Structure formats: C-alpha cells, structure tokens
Amino acid sequence: MVRGVRLSARTSLTVEVFAIAAAAAVLVIVFSEAMAGGHDPPKAAGPEPHSALGFALLLAITSYVGFESASTVAREAQRPFITVTRAIRWTPLALGVLYVFAVAMQSSGSIRAGIGSTPIVLRLPESAGTASVALSILMEMGITASWFACVIGSATALSRTLFAMGREGVVPERFGRAHQTFRTPHVALCLTMPIIVAVPVGYLFVVGSSREVLVGLLAVSAHGYIGAYLLVCLATPAFLRRIGELTWIPLVIGPATAAMMIAIIGWAALTVESPVWIATAVYAVLLATGFGIFAIRRRTIPDLAERVGVFDETVAGDVFADYNPWEVRR
C-alpha cells in the first residue's frame with residue numbers, strides 16, 4: 001500500500017480473483033457431488049426468532065458494501081471519471097450475481113452454516129474422505145484471501161480519507177504527509193495499521209472466541225457503513241438541487257433508502273438473541289468522539305467547516321496523465 005495504489009490494487013485484485021475462483025470451484029464440486037449422491041435439502045429445525053432478522057439484515061448489508069471505496073483513489077487514477085465510475089457501477093452487479101450463485105449452490109443441501117469457528121461445513125459422502133478435507137482447506141484459503149483483499153481495500157480507502165482530512169486540518173497535519181518517493185500517504189498507513197491489527201487481537205484475548213470477534217466487529221462496521229450511506233442518501237438531493245440537476249428519482253429514492261437504513265439499525269439494535277445494541281452503543285461513542293474532535297479543531301481553525309471536502313475533489317485537470325495527485329489546491 002505504501003508503494004502505490006496501482007500495486008495494492010493489482011495485489012488485492014489477484015487475491016480476490018483467487019478467493020472467488022476457489023469458492024466457486026468448491027461450491028460447484030460439492031453441488032455436483034450432492035446431486036449425484038441424491039442428497040435432499042436440509043429441513044429447517046424451526047422458525048427463526050423474529051427479532052434476529054434485523055441482525056441478519058445488518059450483517060447481510062455488511063457483506064455487500066465497500067464498492068464505493070474506489071472513489072477514494074480517484075485522484076491517483078489517470079482517467080478517474082471513466083475508471084472509477086465503471087468500478088462503482090459494475091461491482092455491485094457482479095457481487096449480486098456471485099451471491100445468487102453461492103445461495104443456489106448452498107440451497108442444494110450440500111453445504112450448511114457452521115456453528116463453531118469454521119464458517120463453512122462441507123457435507124460430502126463419507127467415501128469422499130480426503131477430497132472433503134481438501135475442499136474444506138481450499139474454501140478456508142479462499143475465505144482468508146478474501147478477507148486479506150478486504151483489508152487492503154479498506155485500509156487504502158482509510159489512508160486516503162485521513163490524508164485529505166490532514167490536508168484540510170480536520171485531523172493533525174501529520175496525516176497529510178506523503179512519501180517523498182512513492183507519493184502515497186504513508187504516515188496515515190503507518191499510524192492506522194497497528195490499530196487495525198490491535199483491535200481484533202485485543203478483542204480476541206478478551207472474549208476468547210474468533211467467531212464473537214468477527215460478529216462483533218462486523219456489527220460495528222455495519223453501523224459505520226450504513227451511517228455513511230444514510231448521510232449520502234440525505235445529502236444527494238440537496239447537492240443535486242444546488243448544481244441544478246435534481247430529478248424526482250433521487251428525490252424519492254434518497255429519503256426512502258435513508259428511512260429503510262434507520263429502520264434496519266433500529267431493528268438490529270432491538271435483537272435479543274445477539275447483543276447488537278452493544279455495537280450500536282460503541283458506534284455512537286465513536287461518532288460522538290469524532291464530533292468532539294471536530295468541535296475542538298474548529299476552535300483553533302475557524303474556517304474548518306468550509307475547508308472540509310475541498311482537497312479530495314477530482315477536477316477536469318485530473319484526467320490528464322501529467323499531474324501530481326497529492327498537490328494541494330488553493
């Protein structure tokens with residue numbers, strides 16, 4: 001990530017392609033074996049508690065988000081209006097196809113959700129033996145690779161956001177420094193990566209369960225994603241109206257989607273079986289801390305509110321190859 005967004009993007013793309021290929025291969029093989037062996041779909045043990053559906057929706061949304069992080073590296077793309085738009089437009093559609101394919105394979109009864117630390121349990125005939133173990137290992141490798149690519153993408157987006165905030169004065173100026181050789185926000189990366197590693201490791205030592213760590217951190221991050229999307233849905237109609245491009249579609253879809261997200265957060269927070277309200281409280285504390293830091297910084301920088309969002313904007317000049325992506329425009 002310090003070497004540059006091109007290297008990190010290629011690395012994460014390669015890893016993610018391997019993860020998707022591994023998962024798809026395992027799903028197809030297990031599905032074929034199940035159909036050949038005449039396995040019946042599993043029978044439901046009983047209806048799920050009504051209050052657990054909100055939490056399930058929250059985690060489902062978390063698995064679908066993140067495609068918009070491509071916009072954070074628009075300043076480093078030679079054709080940002082083409083490449084970034086293309087990535088944001090097609091990634092959700094590709095994800096939808098992939099998820100529908102995975103659900104169709106799992107509904108065959110050959111795969112069921114694990115209860116312990118293993119996220120996926122393969123059910124093959126006992127004669128499969130070694131093949132079942134090999135497929136399980138391949139699936140675990142694919143899952144691990146996918147999480148690794150997710151960390152690269154999220155950390156890259158986070159470092160660019162913190163870099164822009166450092167340039168604008170929202171956070172300390174140190175975050176707004178770029179590497180002299182690679183011209184990347186290495187300070188933001190070096191300061192945030194230890195925290196990214198320490199939080200789940202420390203959480204694991206406290207609770208002693210990797211599954212609880214995964215679910216707990218996913219719940220907190222889901223609040224962050226949904227909160228960001230909520231603000232975008234509310235701000236989009238106002239922004240389009242300001243530039244004279246408001247139509248009835250965003251005017252209807254924006255508030256409706258925002259209301260749906262508020263309902264999902266409230267529904268998940270009321271879940272009895274899983275203490276999602278703890279994640280809601282943690283996110284509220286983090287949000288309040290951010291507002292507090294902004295208020296403190298605003299006292300020392302009176303025009304801080306006007307400077308937010310000014311640096312990290314792609315302009316017409318950025319479509320040319322010869323430009324410095326980290327140049328501060330005044």
# chains A, B, ... in the order shown; residues from 1 in each chain; ligands from 1
$ residues_around --residues "Gly4 in chain A" --least-positions-apart "5" --cutoff "10 Å" --atoms "only C-alpha atoms" --output "number ranges by chain"
A: 9, 76, 156, 179, 182-186
$ write_last_selection --atoms "N, CA, C and O atoms" --output "compact mmCIF listing (two decimals), in the first residue's frame"
# COMPACT_ATOMS: atom_id res chain seq x y z
N ALA A 9 -3.77 -2.27 -5.67
CA ALA A 9 -4.99 -2.66 -6.39
C ALA A 9 -4.77 -3.96 -7.13
O ALA A 9 -5.65 -4.85 -7.14
N GLU A 76 -5.68 9.48 -7.90
CA GLU A 76 -4.49 8.77 -8.37
C GLU A 76 -4.73 8.04 -9.68
O GLU A 76 -3.83 7.37 -10.19
N THR A 156 -6.58 1.09 2.29
CA THR A 156 -6.23 2.06 1.25
C THR A 156 -7.21 3.23 1.26
O THR A 156 -6.81 4.40 1.21
N HIS A 179 4.71 10.25 1.07
CA HIS A 179 6.04 9.68 0.93
C HIS A 179 6.80 10.41 -0.17
O HIS A 179 6.26 10.70 -1.24
N PHE A 182 7.31 7.54 -3.21
CA PHE A 182 6.13 6.89 -3.77
C PHE A 182 4.91 7.80 -3.82
O PHE A 182 3.90 7.44 -4.43
N ARG A 183 4.99 8.96 -3.16
CA ARG A 183 3.89 9.92 -3.16
C ARG A 183 2.58 9.30 -2.68
O ARG A 183 1.51 9.51 -3.25
N THR A 184 2.64 8.52 -1.64
CA THR A 184 1.47 7.89 -1.03
C THR A 184 1.37 8.34 0.42
O THR A 184 2.37 8.72 1.04
N PRO A 185 0.18 8.30 1.01
CA PRO A 185 0.01 8.73 2.42
C PRO A 185 0.55 7.69 3.39
O PRO A 185 -0.19 7.02 4.12
N HIS A 186 1.88 7.57 3.44
CA HIS A 186 2.50 6.52 4.25
C HIS A 186 2.32 6.76 5.75
O HIS A 186 2.25 5.81 6.53
$ residues_around --residues "Thr300 in chain A" --least-positions-apart "5" --cutoff "12 Å" --atoms "only C-alpha atoms" --output "list in words"
Gly169, Val170, Val171, Pro172, Ile293, Phe294, Ala295 and Ala305 of chain A
$ closest_residue --among "A:Met105, A:Ser146, A:Thr85, A:Ser69" --to "Ser32 in chain A" --atoms "only C-alpha atoms"
A:Met105
$ atom_distance --atom1 "CA of Thr271 in chain A" --atom2 "CA of Ala56 in chain A"
9.8 Å
$ atom_distance --atom1 "CA of Ser132 in chain A" --atom2 "CA of Glu33 in chain A"
10.6 Å
$ residues_around --residues "Gly142 in chain A" --least-positions-apart "3" --cutoff "10 Å" --atoms "only C-alpha atoms" --output "list of chain:residue names"
A:Val15, A:Glu16, A:Val17, A:Phe18, A:Ala19, A:Ile20, A:Ala21, A:Ala22, A:Ala23, A:Ala24, A:Val26, A:Ser136, A:Ile137, A:Leu138, A:Met139, A:Ala145, A:Ser146, A:Trp147, A:Phe148
$ select_by_dssp --residues "range 154-264 of chain A" --states "alpha helix (DSSP H)" --output "MDAnalysis selection string"
chainID A and resid 154:168 186:207 210:242 248:264
$ atom_distance --atom1 "CA of Glu212 in chain A" --atom2 "CA of Ala102 in chain A"
23.9 Å
$ closest_residue --among "A:Ala74, A:Cys233, A:Met165, A:Met35" --to "Leu304 in chain A" --atoms "only C-alpha atoms"
A:Met165
$ residues_around --residues "range 283-291 of chain A" --least-positions-apart "5" --cutoff "12 Å" --atoms "only C-alpha atoms" --output "list in words"
Val170, Val171, Gly216, Leu217, Leu218, Ala219, Val220, Ser221, Ala222, His223, Gly224, Tyr225, Ile226, Gly227, Ala228, Ile265, Ala269, Val276, Trp277, Ile278, Ile296, Arg297 and Arg298 of chain A
$ write_last_selection --atoms "N, CA and C atoms" --output "tab-separated table (two decimals), in the first residue's frame"
chain	number	residue	atom	x	y	z
A	170	VAL	N	-8.71	18.78	9.60
A	170	VAL	CA	-9.65	18.11	10.49
A	170	VAL	C	-8.91	17.25	11.51
A	171	VAL	N	-7.88	16.54	11.06
A	171	VAL	CA	-7.02	15.76	11.93
A	171	VAL	C	-5.63	16.39	11.90
A	216	GLY	N	-18.90	-9.34	16.26
A	216	GLY	CA	-18.92	-8.06	16.95
A	216	GLY	C	-18.36	-6.93	16.11
A	217	LEU	N	-17.20	-7.16	15.49
A	217	LEU	CA	-16.60	-6.11	14.66
A	217	LEU	C	-17.39	-5.87	13.38
A	218	LEU	N	-18.00	-6.93	12.84
A	218	LEU	CA	-18.86	-6.75	11.68
A	218	LEU	C	-20.07	-5.88	12.02
A	219	ALA	N	-20.61	-6.09	13.21
A	219	ALA	CA	-21.77	-5.30	13.63
A	219	ALA	C	-21.41	-3.82	13.75
A	220	VAL	N	-20.24	-3.54	14.33
A	220	VAL	CA	-19.81	-2.14	14.48
A	220	VAL	C	-19.54	-1.52	13.11
A	221	SER	N	-18.83	-2.26	12.25
A	221	SER	CA	-18.53	-1.72	10.92
A	221	SER	C	-19.80	-1.53	10.10
A	222	ALA	N	-20.78	-2.42	10.30
A	222	ALA	CA	-22.05	-2.27	9.57
A	222	ALA	C	-22.72	-0.96	9.94
A	223	HIS	N	-22.66	-0.58	11.21
A	223	HIS	CA	-23.22	0.71	11.62
A	223	HIS	C	-22.51	1.85	10.90
A	224	GLY	N	-21.18	1.73	10.77
A	224	GLY	CA	-20.43	2.78	10.09
A	224	GLY	C	-20.80	2.90	8.63
A	225	TYR	N	-20.89	1.78	7.94
A	225	TYR	CA	-21.27	1.81	6.53
A	225	TYR	C	-22.67	2.37	6.35
A	226	ILE	N	-23.61	1.84	7.13
A	226	ILE	CA	-24.99	2.28	6.97
A	226	ILE	C	-25.13	3.75	7.35
A	227	GLY	N	-24.40	4.18	8.38
A	227	GLY	CA	-24.43	5.59	8.75
A	227	GLY	C	-23.92	6.48	7.63
A	228	ALA	N	-22.84	6.05	6.96
A	228	ALA	CA	-22.31	6.82	5.84
A	228	ALA	C	-23.29	6.85	4.68
A	265	ILE	N	-31.16	-0.35	11.34
A	265	ILE	CA	-30.32	-0.16	12.53
A	265	ILE	C	-31.15	-0.30	13.80
A	269	ALA	N	-30.72	-3.27	16.58
A	269	ALA	CA	-30.37	-2.90	17.95
A	269	ALA	C	-31.31	-3.53	18.96
A	276	VAL	N	-26.69	-6.75	19.79
A	276	VAL	CA	-26.29	-5.77	18.78
A	276	VAL	C	-26.32	-4.37	19.36
A	277	TRP	N	-27.10	-4.16	20.40
A	277	TRP	CA	-27.17	-2.83	20.99
A	277	TRP	C	-25.81	-2.40	21.51
A	278	ILE	N	-24.94	-3.37	21.84
A	278	ILE	CA	-23.58	-3.01	22.26
A	278	ILE	C	-22.83	-2.38	21.10
A	296	ILE	N	-13.36	20.61	18.70
A	296	ILE	CA	-12.12	21.14	19.27
A	296	ILE	C	-11.24	21.75	18.18
A	297	ARG	N	-11.13	21.04	17.05
A	297	ARG	CA	-10.31	21.55	15.96
A	297	ARG	C	-10.91	22.83	15.37
A	298	ARG	N	-12.21	22.94	15.40
A	298	ARG	CA	-12.86	24.11	14.82
A	298	ARG	C	-12.57	25.37	15.63
$ closest_residue --among "A:Val73, A:Pro200, A:Leu214, A:Glu68" --to "Arg89 in chain A" --atoms "only C-alpha atoms"
A:Glu68
